[in-house]
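To start, the structure itself, in structure tokens.
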Amino acid sequence: MSILMWTWIIVGLTFALYIGIAIWSRASSTGEFYVASKQVHPIANGMATGADWMSAASFISMAGLISFIGRDGAVYLMGWTGGYVLLALLLAPYLRKFGKYTVPEFVGERYYSDVARIVAVICAIFVSFTYVAGQMRGVGIVFSRFLEVDITSGVIIGVGIVFFYAVLGGMKGITYTQVAQYCVLIVAYLIPAIFISILVTGNPIPQLGFGSTESATGTYLLDKLDNLHEALGFAAYTAGTKSTIDVFFITAALMVGTAGLPHVIIRFFTVPKVADARKSAGWALFFIAILYTTAPAVAAFARTNMITTLNDKPYASAPSWFKNWEETKLIAWTDKNDDGIMQLRGKNAPDGLENELKVDRDIMVLANPEIAQLPNWVVALVAAGGLAAALSTAAGLLLVISTSVSHDLLKSVMMRDMDEKKELVAARIAAGFAVAIAGYFGINPPGFVAQVVAFAFGLAASSFFPIIILGIFSKKVNKEGAIAGMLSGIIFTAAYIIYFKFVNPGANNPSNWWFGISPEGIGTLGMLLNFIVTLVVTKFTPAPPEHIQHLVENVRVPKELEAS
Amino acid sequence: MATKENLAAYWKTNLKYLSILLSIWFIVSYGCGILFVDALDTIPLFGFKLGFWFAQQGSEIIFVILIFVYVNWMNKLDQKYGVAED
């Protein structure tokens with residue numbers, strides 16, 4: 001059977017599964033819509049969190065990105081996993097104990113202030129929209145490459161599916177579809193990785209194969225890759241090129257940003273108990289780490305394969321996958337010296353030749369099964385996996401947006417007397433609108449989608465993280481401190497990123513950065529600023545009221561304390 | 001019974017656990033994977049350089065272990081101070 005047939009069958013089956021789950025798990029109350037009635041098993045929630053978290057970028061782009069930047073790729077690997085340690089130890093159990101529906105709700109109540117709540121709502125909506133546009137685009141791209149429909153139709157199909165199960169099922173529907181989507185995406189990621197690991201090193205476990213010797217030559221894979229890189233004028237694969245301070249700050253911004261992302265935090269509101277929230281964070285990271293420890297292995301295998309199968313080979317005898325993917329323009333060859341041979345070179349190639357190959361990073365995962373000559377159904381599975389990753393993340397984000405509108409703005413601030421039935425209708429309408437807007441941005445992507453990823457993490461790191469932590473670990477921090485801290489953190493971070501990404505992109509290089517910190521890492525500085533401003537302002541303004549002290553004491557222990 | 005002194009002791013122990021676990025979290029990622037990565041890279045671990053391994057594999061694996069250790073410690077602590085949920 002052809003790849004196209006297989007892809008339609010596998011994608012069709014997975015979509016039917018998602019729709020079936022949505023019908024089975026319709027939400028009938030706001031509790032079900034917002035937090036799945038807090039009845040999700042911690043292991044199921046761990047899987048759902050894994051799918052919620054791992055986006056089209058993790059699935060499609062990350063391994064390719066690492067294969068191009070080598071050791072520095074660790075900023076993503078450590079940054080996007082280390083945040084879960086912070087989440088498990090510092091946030092999840094306490095926020096679960098607090099027991100409400102949203103992050104802005106915690107901020108609003110702990111800081112006894114609607115202003116604080118609204119600032120938090122705006123941050124949550126902005127961060128989530130930034131993210132969701134990229135997911136919808138990812139859906140469109142997978143459709144167009146694997147199913148040969150145009151991007152617009154692809155986005156519309158994706159929007160339709162998400163609309164169906166997010167609007168119908170709310171958090172309950174999303175949770176169980178995410179569990180299914182995790183299974184699809186992890187199988188789709190591991191099968192090609194295991195095959196390739198066996199082909200290259202004879203070891204079926206990619207995490208070990210990556211540190212083993214190549215079967216064909218008996219040299220260690222990473223040593224071989226370093227040698228290939230140096231011979232072609234690239235920096236050694238296992239050596240870094242970014243400055244230590246920048247690597248440090250980017251990693252910290254990604255970690256803290258992860259821990260502050262509302263769509264991740266709310267997943268921990270869905271489990272029955274505080275002890276389950278802790279456990280669930282452990283399972284979530286376990287499920288995520290399966291993919292995140294496989295990705296660097298895929299990166300190294302793919303990089304080696306790429307160099308050995310293409311470099312210095314005549315174009316006339318290029319492998320068939322090369323010609324297939326050339327049509328998508330993800331890979332391109334220009335014969336600069338007219339010798340009919342494809343040269344892959346770094347900046348300072350020892351033989352002085354120019355680079356002739358342009359390779360898009362996404363191809364490393366998408367074309368990997370074809371490069372390794374795996375069966376057609378494996379290629380189809382990768383398409384289904386990419387869609388699962390994009391759809392699951394999109395649904396989680398859309399839920400945050402709809403909850404922010406229906407619960408935090410309408411119910412808590414603007415229409416306090418709204419009954420539950422109306423609130424549920426409002427939540428569904430908000431979810432519908434959010435899906436439509438996300439779909440619009442998927443079809444007409446603003447040119448800056450790639451640029452704003454730094455924004456989402458930077459803003460989450462510099463706004464939510466410090467004030468949630470302080471709200472739990474200090475009884476003294478007050479609303480004046482929290483509002484001033486959030487605003488200074490966000491404004492500082494946004495200004496730095498906007499300046500270097502939009503106002504003056506020409507100046508975006510290490511010599512102009514403060515302390516050598518790139519816009520990707522500036523959220524860490526914004527977070528520190530937020531901490532400092534919050535604490536200083538708190539010192540000079542009135543202490544929080546008595547009942548807040550009790551609220552803080554109560555969130556610190558799993559058991560409900562009696563009011564004193 | 002959850003008396004005021006008990007709750008204070010519970011919280012103090014929790015903070016101690018957090019500082020132990022977060023120190024390890026910091027050392028394996030920011031320490032071994034970033035600040036001292038070049039020094040550790042002179043040590044081989046099978047086909048890996050040690051610093052590279054910490055950055056791309058070891059940190060991620062140790063993070064998972066840290067959370068499960070925390071879960072275990074806190075469950076015992078909840079029992080000891082009688083603050084576990086029913």
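FYI, nothing fancy with the structure tokens labels: chains A, B, ... in order, residues from 1 per chain, ligands from 1 as they appear.
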
Per residue of chain B within 6 Å of chain A, what are the shortest atom pair and its distance in Å to one decimal, counting only C-alpha atoms, with rows by chain and residue number, as a tab-separated table?
```
residue	atom	partner	partner_atom	distance
B:Gly47	CA	A:Gly211	CA	4.2
B:Phe48	CA	A:Gly211	CA	5.3
B:Ala55	CA	A:Ala74	CA	5.4
B:Gln56	CA	A:Ala74	CA	5.3
B:Gln57	CA	A:Thr293	CA	5.7
B:Val64	CA	A:Phe286	CA	5.8
B:Ile67	CA	A:Gly282	CA	5.3
B:Phe68	CA	A:Gly282	CA	5.8
B:Val71	CA	A:Arg278	CA	6.0
B:Val83	CA	A:Lys559	CA	5.0
B:Ala84	CA	A:Lys559	CA	5.5
B:Glu85	CA	A:Lys559	CA	4.9
```

Shell of 12 Å around His229 of chain A, only C-alpha atoms, local chain residues under 3 positions omitted, as a compact mmCIF listing (two decimals) with all heavy atoms, in the first residue's frame:
```txt
# COMPACT_ATOMS: atom_id res chain seq x y z
N SER A 67 19.95 18.52 16.23
CA SER A 67 20.95 17.98 15.32
C SER A 67 21.74 19.09 14.64
O SER A 67 22.86 18.89 14.21
CB SER A 67 20.31 17.03 14.31
OG SER A 67 19.77 17.74 13.25
N PHE A 68 21.15 20.29 14.55
CA PHE A 68 21.90 21.40 13.97
C PHE A 68 22.78 22.13 14.97
O PHE A 68 23.81 22.67 14.60
CB PHE A 68 20.95 22.41 13.31
CG PHE A 68 20.47 21.96 11.98
CD1 PHE A 68 19.26 21.31 11.85
CD2 PHE A 68 21.25 22.16 10.84
CE1 PHE A 68 18.82 20.86 10.62
CE2 PHE A 68 20.81 21.71 9.61
CZ PHE A 68 19.60 21.07 9.49
N ILE A 69 22.37 22.16 16.24
CA ILE A 69 23.17 22.95 17.18
C ILE A 69 23.95 22.09 18.17
O ILE A 69 24.69 22.62 18.99
CB ILE A 69 22.33 24.02 17.93
CG1 ILE A 69 21.20 23.37 18.71
CG2 ILE A 69 21.80 25.05 16.97
CD1 ILE A 69 20.35 24.38 19.48
N GLY A 70 23.84 20.76 18.09
CA GLY A 70 24.66 19.88 18.91
C GLY A 70 24.42 20.03 20.40
O GLY A 70 23.27 20.10 20.83
N LEU A 222 29.34 9.24 18.45
CA LEU A 222 29.53 10.67 18.70
C LEU A 222 30.93 11.13 18.30
O LEU A 222 31.12 12.25 17.85
CB LEU A 222 29.25 11.00 20.16
CG LEU A 222 27.77 10.92 20.55
CD1 LEU A 222 27.59 11.03 22.05
CD2 LEU A 222 26.96 12.01 19.86
N ASP A 223 31.93 10.22 18.44
CA ASP A 223 33.28 10.58 17.99
C ASP A 223 33.29 10.75 16.48
O ASP A 223 33.90 11.68 15.94
CB ASP A 223 34.28 9.48 18.39
CG ASP A 223 34.52 9.47 19.89
OD1 ASP A 223 34.15 10.47 20.54
OD2 ASP A 223 35.04 8.47 20.41
N LYS A 224 32.60 9.82 15.81
CA LYS A 224 32.55 9.89 14.35
C LYS A 224 31.90 11.20 13.91
O LYS A 224 32.37 11.88 13.00
CB LYS A 224 31.75 8.71 13.81
CG LYS A 224 31.56 8.78 12.32
CD LYS A 224 30.85 7.58 11.77
CE LYS A 224 30.48 7.88 10.31
NZ LYS A 224 29.94 6.72 9.64
N LEU A 225 30.79 11.55 14.62
CA LEU A 225 30.06 12.77 14.26
C LEU A 225 30.92 14.01 14.49
O LEU A 225 30.93 14.93 13.66
CB LEU A 225 28.77 12.81 15.09
CG LEU A 225 27.69 13.80 14.68
CD1 LEU A 225 27.37 13.73 13.20
CD2 LEU A 225 26.42 13.52 15.49
N ASP A 226 31.66 14.02 15.61
CA ASP A 226 32.57 15.14 15.86
C ASP A 226 33.59 15.28 14.74
O ASP A 226 33.87 16.38 14.26
CB ASP A 226 33.31 14.93 17.19
CG ASP A 226 32.46 15.37 18.38
OD1 ASP A 226 31.43 16.03 18.17
OD2 ASP A 226 32.84 15.04 19.52
N LEU A 232 34.22 19.08 7.98
CA LEU A 232 33.41 19.88 7.07
C LEU A 232 33.33 21.35 7.48
O LEU A 232 32.63 22.14 6.84
CB LEU A 232 31.99 19.30 6.98
CG LEU A 232 31.88 17.87 6.45
CD1 LEU A 232 30.44 17.39 6.48
CD2 LEU A 232 32.44 17.79 5.03
N GLY A 233 34.02 21.71 8.55
CA GLY A 233 34.05 23.11 8.95
C GLY A 233 32.93 23.52 9.89
O GLY A 233 32.65 24.71 10.05
N PHE A 234 32.25 22.54 10.54
CA PHE A 234 31.29 22.87 11.60
C PHE A 234 31.99 22.77 12.95
O PHE A 234 33.02 22.12 13.07
CB PHE A 234 30.12 21.87 11.61
CG PHE A 234 29.27 21.88 10.38
CD1 PHE A 234 29.44 20.90 9.40
CD2 PHE A 234 28.31 22.86 10.19
CE1 PHE A 234 28.64 20.90 8.25
CE2 PHE A 234 27.50 22.85 9.04
CZ PHE A 234 27.69 21.88 8.08
N ALA A 235 31.37 23.37 14.00
CA ALA A 235 31.89 23.16 15.35
C ALA A 235 31.62 21.70 15.74
O ALA A 235 30.65 21.11 15.26
CB ALA A 235 31.18 24.09 16.33
N ALA A 236 32.47 21.12 16.58
CA ALA A 236 32.28 19.73 16.99
C ALA A 236 30.88 19.56 17.56
O ALA A 236 30.38 20.43 18.28
CB ALA A 236 33.33 19.32 18.01
N TYR A 237 30.22 18.42 17.25
CA TYR A 237 28.84 18.21 17.65
C TYR A 237 28.67 18.25 19.17
O TYR A 237 27.69 18.78 19.68
CB TYR A 237 28.36 16.86 17.11
CG TYR A 237 26.89 16.60 17.31
CD1 TYR A 237 25.94 17.16 16.46
CD2 TYR A 237 26.45 15.80 18.35
CE1 TYR A 237 24.60 16.94 16.64
CE2 TYR A 237 25.09 15.56 18.53
CZ TYR A 237 24.17 16.13 17.68
OH TYR A 237 22.84 15.91 17.87
N THR A 238 29.62 17.67 19.89
CA THR A 238 29.48 17.60 21.35
C THR A 238 30.08 18.81 22.06
O THR A 238 30.22 18.80 23.28
CB THR A 238 30.12 16.32 21.91
OG1 THR A 238 31.50 16.32 21.55
CG2 THR A 238 29.45 15.09 21.37
N ALA A 239 30.44 19.86 21.30
CA ALA A 239 30.94 21.08 21.94
C ALA A 239 29.91 22.18 21.74
O ALA A 239 29.14 22.16 20.79
CB ALA A 239 32.27 21.50 21.33
N ALA A 300 21.30 12.80 16.75
CA ALA A 300 22.65 12.36 16.39
C ALA A 300 22.62 11.35 15.24
O ALA A 300 23.43 11.43 14.31
CB ALA A 300 23.35 11.76 17.61
N ARG A 303 21.66 13.22 12.02
CA ARG A 303 22.75 14.07 11.54
C ARG A 303 23.81 13.22 10.83
O ARG A 303 24.30 13.58 9.76
CB ARG A 303 23.36 14.82 12.73
CG ARG A 303 24.44 15.79 12.36
CD ARG A 303 23.86 17.06 11.78
NE ARG A 303 24.90 17.95 11.29
CZ ARG A 303 24.69 18.93 10.43
NH1 ARG A 303 23.48 19.14 9.95
NH2 ARG A 303 25.66 19.70 10.03
N THR A 304 24.17 12.10 11.45
CA THR A 304 25.18 11.23 10.85
C THR A 304 24.68 10.69 9.51
O THR A 304 25.40 10.72 8.50
CB THR A 304 25.49 10.04 11.78
OG1 THR A 304 25.62 10.54 13.11
CG2 THR A 304 26.75 9.33 11.38
N MET A 306 22.43 11.91 7.56
CA MET A 306 22.32 13.01 6.61
C MET A 306 23.68 13.29 5.95
O MET A 306 23.79 13.38 4.74
CB MET A 306 21.82 14.24 7.37
CG MET A 306 21.80 15.54 6.64
SD MET A 306 20.50 15.65 5.43
CE MET A 306 19.03 15.46 6.43
N ILE A 307 24.71 13.38 6.79
CA ILE A 307 26.03 13.70 6.25
C ILE A 307 26.55 12.56 5.38
O ILE A 307 27.00 12.77 4.26
CB ILE A 307 27.03 14.02 7.38
CG1 ILE A 307 26.60 15.28 8.13
CG2 ILE A 307 28.44 14.21 6.82
CD1 ILE A 307 27.44 15.61 9.34
N THR A 308 26.45 11.32 5.89
CA THR A 308 27.06 10.22 5.13
C THR A 308 26.29 9.87 3.86
O THR A 308 26.90 9.44 2.89
CB THR A 308 27.22 8.95 6.00
OG1 THR A 308 25.96 8.70 6.63
CG2 THR A 308 28.27 9.13 7.07
N ASN A 311 26.52 14.00 1.63
CA ASN A 311 27.69 14.83 1.39
C ASN A 311 28.65 14.19 0.39
O ASN A 311 28.97 13.02 0.46
CB ASN A 311 28.43 15.08 2.69
CG ASN A 311 29.63 15.95 2.49
OD1 ASN A 311 29.56 16.97 1.82
ND2 ASN A 311 30.75 15.51 3.05
N LEU A 344 28.14 19.49 1.51
CA LEU A 344 27.62 20.04 2.76
C LEU A 344 28.82 20.57 3.53
O LEU A 344 29.76 19.83 3.81
CB LEU A 344 26.92 18.92 3.54
CG LEU A 344 26.27 19.30 4.87
CD1 LEU A 344 25.07 20.22 4.65
CD2 LEU A 344 25.83 18.07 5.62
N ARG A 345 28.83 21.86 3.81
CA ARG A 345 29.99 22.45 4.47
C ARG A 345 29.58 23.45 5.54
O ARG A 345 28.52 24.09 5.41
CB ARG A 345 30.88 23.20 3.45
CG ARG A 345 31.60 22.33 2.44
CD ARG A 345 32.68 21.46 3.07
NE ARG A 345 33.42 20.70 2.06
CZ ARG A 345 33.01 19.55 1.55
NH1 ARG A 345 31.88 19.00 1.95
NH2 ARG A 345 33.74 18.92 0.63
N GLY A 346 30.43 23.63 6.53
CA GLY A 346 30.21 24.67 7.53
C GLY A 346 30.83 25.97 7.06
O GLY A 346 31.22 26.10 5.90
N LYS A 347 30.91 26.92 8.00
CA LYS A 347 31.41 28.25 7.63
C LYS A 347 32.88 28.26 7.20
O LYS A 347 33.26 28.93 6.27
CB LYS A 347 31.23 29.22 8.81
CG LYS A 347 29.90 29.93 8.74
CD LYS A 347 29.80 30.99 9.83
CE LYS A 347 28.37 31.48 9.95
NZ LYS A 347 27.94 31.66 11.31
N ASN A 348 33.71 27.51 7.95
CA ASN A 348 35.14 27.55 7.66
C ASN A 348 35.63 26.18 7.22
O ASN A 348 36.46 25.57 7.88
CB ASN A 348 35.92 27.99 8.90
CG ASN A 348 35.34 29.27 9.46
OD1 ASN A 348 35.25 30.27 8.78
ND2 ASN A 348 34.89 29.21 10.72
N ALA A 349 35.11 25.71 6.10
CA ALA A 349 35.49 24.37 5.66
C ALA A 349 36.98 24.32 5.33
O ALA A 349 37.48 25.21 4.64
CB ALA A 349 34.67 23.98 4.45
N PRO A 350 37.69 23.30 5.85
CA PRO A 350 39.13 23.20 5.60
C PRO A 350 39.48 23.14 4.11
O PRO A 350 40.50 23.67 3.69
CB PRO A 350 39.54 21.90 6.30
CG PRO A 350 38.46 21.63 7.29
CD PRO A 350 37.22 22.24 6.74
```

- Extract the full set of strand (DSSP E or B) residues from segment 154-376 of chain A according to DSSP on the backbone, and format it as a list of chain:residue names. A:Thr213, A:Tyr220, A:Lys313, A:Pro314, A:Ile331, A:Ala332, A:Trp333, A:Ile341, A:Met342, A:Leu357, A:Lys358, A:Val359

File of the preceding selection, N, CA, C and O atoms, as an mmCIF file, in the first residue's frame:
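Result written to result_35.cif:
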```
data_model
loop_
_atom_site.group_PDB
_atom_site.id
_atom_site.type_symbol
_atom_site.label_atom_id
_atom_site.label_comp_id
_atom_site.auth_asym_id
_atom_site.auth_seq_id
_atom_site.Cartn_x
_atom_site.Cartn_y
_atom_site.Cartn_z
ATOM 1 N N THR A 213 29.026 2.143 19.796
ATOM 2 C CA THR A 213 29.850 2.187 18.592
ATOM 3 C C THR A 213 28.977 1.892 17.378
ATOM 4 O O THR A 213 27.986 1.177 17.469
ATOM 5 N N TYR A 220 32.963 4.987 18.088
ATOM 6 C CA TYR A 220 31.817 5.563 18.783
ATOM 7 C C TYR A 220 31.103 6.557 17.871
ATOM 8 O O TYR A 220 31.756 7.383 17.208
ATOM 9 N N LYS A 313 28.235 13.354 -2.551
ATOM 10 C CA LYS A 313 27.671 12.350 -3.457
ATOM 11 C C LYS A 313 27.143 13.081 -4.697
ATOM 12 O O LYS A 313 26.647 14.209 -4.591
ATOM 13 N N PRO A 314 27.221 12.426 -5.846
ATOM 14 C CA PRO A 314 26.674 13.067 -7.050
ATOM 15 C C PRO A 314 25.156 13.199 -6.949
ATOM 16 O O PRO A 314 24.484 12.295 -6.444
ATOM 17 N N ILE A 331 14.286 20.773 1.612
ATOM 18 C CA ILE A 331 15.674 20.459 1.365
ATOM 19 C C ILE A 331 15.977 20.958 -0.040
ATOM 20 O O ILE A 331 15.139 20.852 -0.934
ATOM 21 N N ALA A 332 17.124 21.564 -0.235
ATOM 22 C CA ALA A 332 17.420 22.131 -1.555
ATOM 23 C C ALA A 332 18.912 22.073 -1.828
ATOM 24 O O ALA A 332 19.733 22.131 -0.908
ATOM 25 N N TRP A 333 19.236 21.934 -3.098
ATOM 26 C CA TRP A 333 20.644 21.865 -3.485
ATOM 27 C C TRP A 333 20.890 22.842 -4.627
ATOM 28 O O TRP A 333 20.155 22.885 -5.602
ATOM 29 N N ILE A 341 28.101 17.549 -7.782
ATOM 30 C CA ILE A 341 28.245 16.839 -6.504
ATOM 31 C C ILE A 341 27.718 17.734 -5.377
ATOM 32 O O ILE A 341 27.944 18.942 -5.378
ATOM 33 N N MET A 342 27.000 17.102 -4.416
ATOM 34 C CA MET A 342 26.394 17.883 -3.337
ATOM 35 C C MET A 342 27.397 18.056 -2.192
ATOM 36 O O MET A 342 27.782 17.076 -1.563
ATOM 37 N N LEU A 357 24.016 22.668 0.256
ATOM 38 C CA LEU A 357 22.776 22.031 0.689
ATOM 39 C C LEU A 357 22.058 22.872 1.722
ATOM 40 O O LEU A 357 22.648 23.297 2.707
ATOM 41 N N LYS A 358 20.768 23.100 1.497
ATOM 42 C CA LYS A 358 19.955 23.794 2.486
ATOM 43 C C LYS A 358 18.990 22.749 3.054
ATOM 44 O O LYS A 358 18.224 22.125 2.321
ATOM 45 N N VAL A 359 19.065 22.521 4.343
ATOM 46 C CA VAL A 359 18.253 21.479 4.957
ATOM 47 C C VAL A 359 17.411 22.108 6.059
ATOM 48 O O VAL A 359 17.941 22.729 6.978
#
```

- List every residue of segment 280-484 of chain A that DSSP, applied to the backbone of this structure, places in helix (DSSP H, G or I), and write the result as a PyMOL selection string. chain A and resi 280-310+315-317+320-326+363-366+368-371+376-414+420-443+449-473+479-484

For the residues in the current selection, export C-alpha atoms as a short mmCIF file (atom, residue, chain, number, x, y, z; two decimals), in the first residue's frame.
```cif
data_model
loop_
_atom_site.label_atom_id
_atom_site.label_comp_id
_atom_site.auth_asym_id
_atom_site.auth_seq_id
_atom_site.Cartn_x
_atom_site.Cartn_y
_atom_site.Cartn_z
CA SER A 280 0.98 12.93 38.70
CA ALA A 281 3.78 15.45 38.11
CA GLY A 282 6.28 12.60 38.44
CA TRP A 283 4.39 10.49 35.89
CA ALA A 284 4.03 13.47 33.57
CA LEU A 285 7.78 14.02 33.54
CA PHE A 286 8.39 10.29 33.14
CA PHE A 287 6.18 10.21 30.03
CA ILE A 288 7.75 13.40 28.69
CA ALA A 289 11.29 12.21 29.38
CA ILE A 290 10.71 9.13 27.21
CA LEU A 291 10.46 11.45 24.22
CA TYR A 292 12.98 13.99 25.48
CA THR A 293 15.76 11.45 26.02
CA THR A 294 15.02 9.83 22.64
CA ALA A 295 15.13 13.15 20.75
CA PRO A 296 18.89 13.79 21.18
CA ALA A 297 19.58 10.23 20.03
CA VAL A 298 17.40 10.74 16.93
CA ALA A 299 19.24 14.03 16.39
CA ALA A 300 22.65 12.36 16.39
CA PHE A 301 21.55 9.43 14.19
CA ALA A 302 19.81 11.71 11.72
CA ARG A 303 22.75 14.07 11.54
CA THR A 304 25.18 11.23 10.85
CA ASN A 305 22.85 9.67 8.26
CA MET A 306 22.32 13.01 6.61
CA ILE A 307 26.03 13.70 6.25
CA THR A 308 27.06 10.22 5.13
CA THR A 309 24.25 9.71 2.62
CA LEU A 310 24.35 13.14 0.99
CA TYR A 315 23.19 14.57 -7.32
CA ALA A 316 22.35 12.09 -10.08
CA SER A 317 22.49 9.20 -7.60
CA SER A 320 14.66 8.83 -3.63
CA TRP A 321 13.60 10.47 -0.35
CA PHE A 322 15.82 13.40 -1.24
CA LYS A 323 13.92 13.98 -4.47
CA ASN A 324 10.53 13.56 -2.73
CA TRP A 325 11.31 16.12 -0.08
CA GLU A 326 12.91 18.51 -2.54
CA ILE A 363 12.96 17.17 7.89
CA MET A 364 15.05 15.35 10.49
CA VAL A 365 11.93 13.86 12.09
CA LEU A 366 9.51 13.94 9.17
CA ASN A 368 13.69 10.12 9.14
CA PRO A 369 11.69 6.93 8.41
CA GLU A 370 12.27 7.35 4.69
CA ILE A 371 15.98 8.06 5.15
CA ASN A 376 5.32 2.87 4.57
CA TRP A 377 3.08 2.42 7.61
CA VAL A 378 5.83 3.86 9.82
CA VAL A 379 5.91 7.01 7.71
CA ALA A 380 2.12 7.26 8.08
CA LEU A 381 2.40 6.80 11.81
CA VAL A 382 4.74 9.79 12.04
CA ALA A 383 2.06 11.94 10.38
CA ALA A 384 -0.54 10.76 12.91
CA GLY A 385 1.92 11.43 15.74
CA GLY A 386 2.60 14.98 14.58
CA LEU A 387 -1.14 15.65 14.40
CA ALA A 388 -1.71 14.15 17.85
CA ALA A 389 1.02 16.38 19.32
CA ALA A 390 -0.38 19.53 17.71
CA LEU A 391 -4.07 18.86 18.43
CA SER A 392 -3.55 17.87 22.07
CA THR A 393 -1.58 21.02 22.85
CA ALA A 394 -4.04 23.21 20.97
CA ALA A 395 -6.98 21.78 22.94
CA GLY A 396 -5.27 22.40 26.29
CA LEU A 397 -4.52 25.99 25.35
CA LEU A 398 -8.02 26.64 24.07
CA LEU A 399 -9.44 25.44 27.35
CA VAL A 400 -7.31 27.98 29.23
CA ILE A 401 -8.57 30.74 26.98
CA SER A 402 -12.22 29.78 27.35
CA THR A 403 -11.97 29.32 31.12
CA SER A 404 -10.22 32.66 31.48
CA VAL A 405 -13.05 34.38 29.67
CA SER A 406 -16.07 32.55 31.11
CA HIS A 407 -14.83 32.01 34.65
CA ASP A 408 -12.27 34.70 35.44
CA LEU A 409 -13.73 37.60 33.50
CA LEU A 410 -17.48 36.95 33.29
CA LYS A 411 -18.31 34.94 36.39
CA SER A 412 -15.77 36.44 38.79
CA VAL A 413 -15.69 40.06 37.74
CA MET A 414 -18.34 41.17 35.26
CA GLU A 420 -23.95 27.53 36.46
CA LYS A 421 -25.94 26.65 33.35
CA LYS A 422 -25.26 30.03 31.80
CA GLU A 423 -21.60 29.86 32.77
CA LEU A 424 -21.29 26.51 31.00
CA VAL A 425 -22.88 27.97 27.87
CA ALA A 426 -20.52 30.95 28.11
CA ALA A 427 -17.53 28.60 28.46
CA ARG A 428 -18.61 26.69 25.34
CA ILE A 429 -19.12 29.86 23.33
CA ALA A 430 -15.74 31.20 24.45
CA ALA A 431 -14.10 27.90 23.47
CA GLY A 432 -15.82 28.06 20.07
CA PHE A 433 -14.58 31.60 19.47
CA ALA A 434 -11.07 30.74 20.60
CA VAL A 435 -10.93 27.75 18.20
CA ALA A 436 -12.12 29.94 15.33
CA ILE A 437 -9.52 32.63 16.05
CA ALA A 438 -6.78 30.03 16.38
CA GLY A 439 -7.87 28.55 13.05
CA TYR A 440 -7.74 31.97 11.43
CA PHE A 441 -4.17 32.47 12.61
CA GLY A 442 -3.31 28.97 11.42
CA ILE A 443 -4.47 29.84 7.90
CA VAL A 449 4.95 33.19 15.03
CA ALA A 450 8.48 31.89 15.32
CA GLN A 451 9.63 35.06 17.04
CA VAL A 452 6.95 35.04 19.69
CA VAL A 453 7.77 31.64 21.17
CA ALA A 454 10.38 33.38 23.29
CA PHE A 455 7.56 35.66 24.34
CA ALA A 456 5.32 32.91 25.70
CA PHE A 457 8.02 31.46 27.94
CA GLY A 458 9.48 34.81 28.91
CA LEU A 459 6.08 36.15 29.93
CA ALA A 460 5.07 33.04 31.83
CA ALA A 461 8.42 33.08 33.64
CA SER A 462 8.36 36.78 34.48
CA SER A 463 4.67 37.08 35.41
CA PHE A 464 3.14 33.99 37.04
CA PHE A 465 6.00 32.03 38.50
CA PRO A 466 7.30 34.51 41.13
CA ILE A 467 3.95 35.59 42.47
CA ILE A 468 2.55 32.07 42.74
CA ILE A 469 5.68 30.90 44.57
CA LEU A 470 5.62 33.90 46.89
CA GLY A 471 1.88 33.48 47.41
CA ILE A 472 2.52 30.02 48.81
CA PHE A 473 5.88 30.34 50.52
CA LYS A 479 -1.49 42.75 46.61
CA GLU A 480 0.49 45.93 46.03
CA GLY A 481 3.68 43.90 45.83
CA ALA A 482 2.19 41.26 43.55
CA ILE A 483 0.67 43.71 41.07
CA ALA A 484 3.83 45.84 40.92
#
```

- Item | Closest of A:Thr175, A:Ile491, A:Pro93, A:Ala231 to Asn75 of chain B - atom-to-atom distances counting only C-alpha atoms | A:Pro93

- Exercise: Val271 of chain A partners within 9 Å, only C-alpha atoms, chain neighbours under 2 positions left out, as JSON, numbers by chain: {"A": [35, 36, 37, 38, 39, 40, 41, 42, 45, 96, 267, 268, 269, 273, 274, 276, 277, 280]}

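Nearest to Asn530 of chain A of all the residues A:Thr493, A:Gln549, A:Ser25, A:Asn508 is A:Thr493, counting only C-alpha atoms.
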
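Taking atom CA of Thr177 of chain A and atom CA of Tyr165 of chain A as endpoints, the distance between them is 8.2 Å.
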
- Among B:Leu50, B:Met74, B:Ile62, B:Leu7, Leu22 of chain B is approached most closely, using only C-alpha atoms, by B:Ile62

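Pairwise distance (atom CA of Tyr18 of chain A, atom CA of Pro192 of chain A) equals 23.6 Å.
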
- Arg117 of chain A: which residues within 8 Å, counting only C-alpha atoms, same-chain residues fewer than 2 positions away excluded, as a PyMOL selection string? chain A and resi 104-105+107-109+113-115+119-121+408

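Atom CA of Asp52 of chain A to atom CA of Ala133 of chain A spans 15.0 Å [interatomic distance, one decimal].
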
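Shortest atom-to-atom contact with Ile191 of chain A among A:Lys242, A:Ile205, A:Leu168, A:Gly526: A:Ile205, counting only C-alpha atoms.
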